[in-house]
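Colleague: A single structure is presented below for examination.
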Amino acid sequence: MANDNRPLSPFHHYKPQLTSLLSFAHRLSGIALSVSAAGLVYWLVLLADGPQALESLEILATVPGQIVLAGVTLAFFYHLNNGIRHLFWDMGMGFEIGRTYLTGWLVLAATLLMWIAFWAAVTDLPGGLP
Amino acid sequence: MSLRTPLGKVMGLGSAKGGTGHWWMQRVTAIALIVLGLWFMISLVAIGDLGYHSTIAWLARPLNAVLLSSFVLTMLYHSKLGVQIVIEDYVGSPAWKVAGLLLSVFVHLLLAMAGVIAILRIGAGGGS
């Protein structure tokens with residue numbers, strides 16, 4: 001009965017579109033944020049452990065560390081904004097093709113704005129900025 | 001009366017069991033995380049120098065400790081639900097799927113315990 005040859009997801013045959021890319025990015029950012037959640041808890045444990053323990057976070061002040069933090073915050077703001085888009089879909093709103101693209105671009109714009117605003121406002125980071 | 005087909009019954013496919021609850025809690029935690037997440041990011045900016053003393057002083061205030069532990073727990077719950085879907089979607093072998101799901105639950109529980117205990121310790125002035 002089981003047919004191993006049945007067609008699977010035509011993922012590789014589709015032209016990349018804004019809608020599919022944003023959907024993929026939602027999942028990818030979600031996975032990245034799950035890993036980051038462990039990082040946040042690690043930070044709290046170090047804080048509870050004392051000032052010496054916190055020194056191990058100085059690695060975040062290096063260029064790779066800063067790139068990771070920039071990526072994590074970008075994933076956060078994207079997942080937040082696209083999550084709100086998902087909640088509107090759950091209420092049955094915004095399914096028209098034109099609307100889906102419009103809200104997709106809105107999510108990208110809002111994400112970029114919040115990300116830039118955050119990094120413009122933040123004065124220091126765990127480990128300290130260089 | 002059952003609406004399931006005989007083939008579906010024989011193959012044991014069809015029912016997703018707790019699917020509705022999973023879907024619903026993912027939305028409930030998502031709504032809470034809009035507020036808690038934005039509060040957390042604004043707090044990071046407000047603390048300013050995220051060094052030891054300023055962060056501890058911020059966390060020692062009860063309202064911040066309450067909101068941060070709520071954020072950590074809600075986020076880990078939301079994360080557990082999301083990771084579960086990713087594992088169910090991409091891990092084909094049933095054995096690896098169950099192993100992955102179990103590991104995910106254990107890791108999320110450990111992180112929740114660690115986060116809450118750390119926040120409580122700081123709030124109680126237990127940090128050395």
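Numbering starts fresh at 1 for the residues of each chain in the structure tokens, the chains themselves are lettered A, B, ... in the order given, and ligands are numbered from 1 as they appear.
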Which chain B residues are at most 6 Å from chain A (counting only C-alpha atoms), as an MDAnalysis selection string?

Modeller: chainID B and resid 45 48:50 52 79 115 118 122 127:128

Colleague: Tell me, as a PyMOL selection string, which residues lie within 8 Å of B:Thr29, counting only C-alpha atoms; anything in the same chain fewer than 6 positions away does not count.

Modeller: chain B and resi 74-75+77-78

Colleague: Got time to write the residues from that selection, C-alpha atoms, as a compact mmCIF listing (two decimals), in the first residue's frame?

Modeller:
# COMPACT_ATOMS: atom_id res chain seq x y z
CA THR B 74 6.38 31.97 28.17
CA MET B 75 9.18 32.04 25.62
CA TYR B 77 6.79 27.23 26.33
CA HIS B 78 6.42 28.84 22.88

Colleague: If we count only C-alpha atoms, what is near stretch 66-71 of chain B at a cut-off of 8 Å, once residues fewer than 6 positions away on the same chain are taken out, given as a list in words?

Modeller: Leu33, Leu36, Gly37, Phe40, Gly115, Val116 and Ile119 of chain B

Colleague: Atoms to include: N, CA and C atoms. Write the selected residues as a short mmCIF file (atom, residue, chain, number, x, y, z; two decimals), in the first residue's frame.

Modeller:
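Output file again_32.cif follows:
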data_model
loop_
_atom_site.label_atom_id
_atom_site.label_comp_id
_atom_site.auth_asym_id
_atom_site.auth_seq_id
_atom_site.Cartn_x
_atom_site.Cartn_y
_atom_site.Cartn_z
N LEU B 33 3.88 37.08 24.26
CA LEU B 33 5.28 37.38 23.94
C LEU B 33 5.43 38.69 23.17
N LEU B 36 5.61 40.95 26.30
CA LEU B 36 6.78 40.66 27.13
C LEU B 36 8.09 40.84 26.37
N GLY B 37 8.08 40.46 25.09
CA GLY B 37 9.29 40.57 24.27
C GLY B 37 9.68 42.02 24.05
N PHE B 40 11.06 43.42 27.18
CA PHE B 40 12.42 42.97 27.44
C PHE B 40 13.43 43.77 26.62
N GLY B 115 16.41 29.29 34.57
CA GLY B 115 16.07 30.71 34.44
C GLY B 115 15.37 31.23 35.67
N VAL B 116 14.37 30.49 36.14
CA VAL B 116 13.58 30.96 37.29
C VAL B 116 14.44 30.99 38.55
N ILE B 119 16.79 33.95 38.49
CA ILE B 119 16.10 35.22 38.76
C ILE B 119 15.76 35.32 40.24
#

Colleague: May I have all residues of stretch 49-130 of chain A that DSSP, computed from the backbone, assigns to helix (DSSP H, G or I), given as JSON, numbers by chain?

Modeller: {"A": [49, 51, 52, 53, 54, 55, 56, 57, 58, 59, 60, 61, 63, 64, 65, 66, 67, 68, 69, 70, 71, 72, 73, 74, 75, 76, 77, 78, 79, 80, 81, 82, 83, 84, 85, 86, 87, 88, 89, 90, 97, 98, 99, 100, 101, 102, 103, 104, 105, 106, 107, 108, 109, 110, 111, 112, 113, 114, 115, 116, 117, 118, 119, 120, 121]}

Colleague: What gap, in Å, lies between atom CA of B:Gly19 and atom CA of B:Val86?

Modeller: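 Between atom CA of B:Gly19 and atom CA of B:Val86 the gap works out to 14.4 Å.
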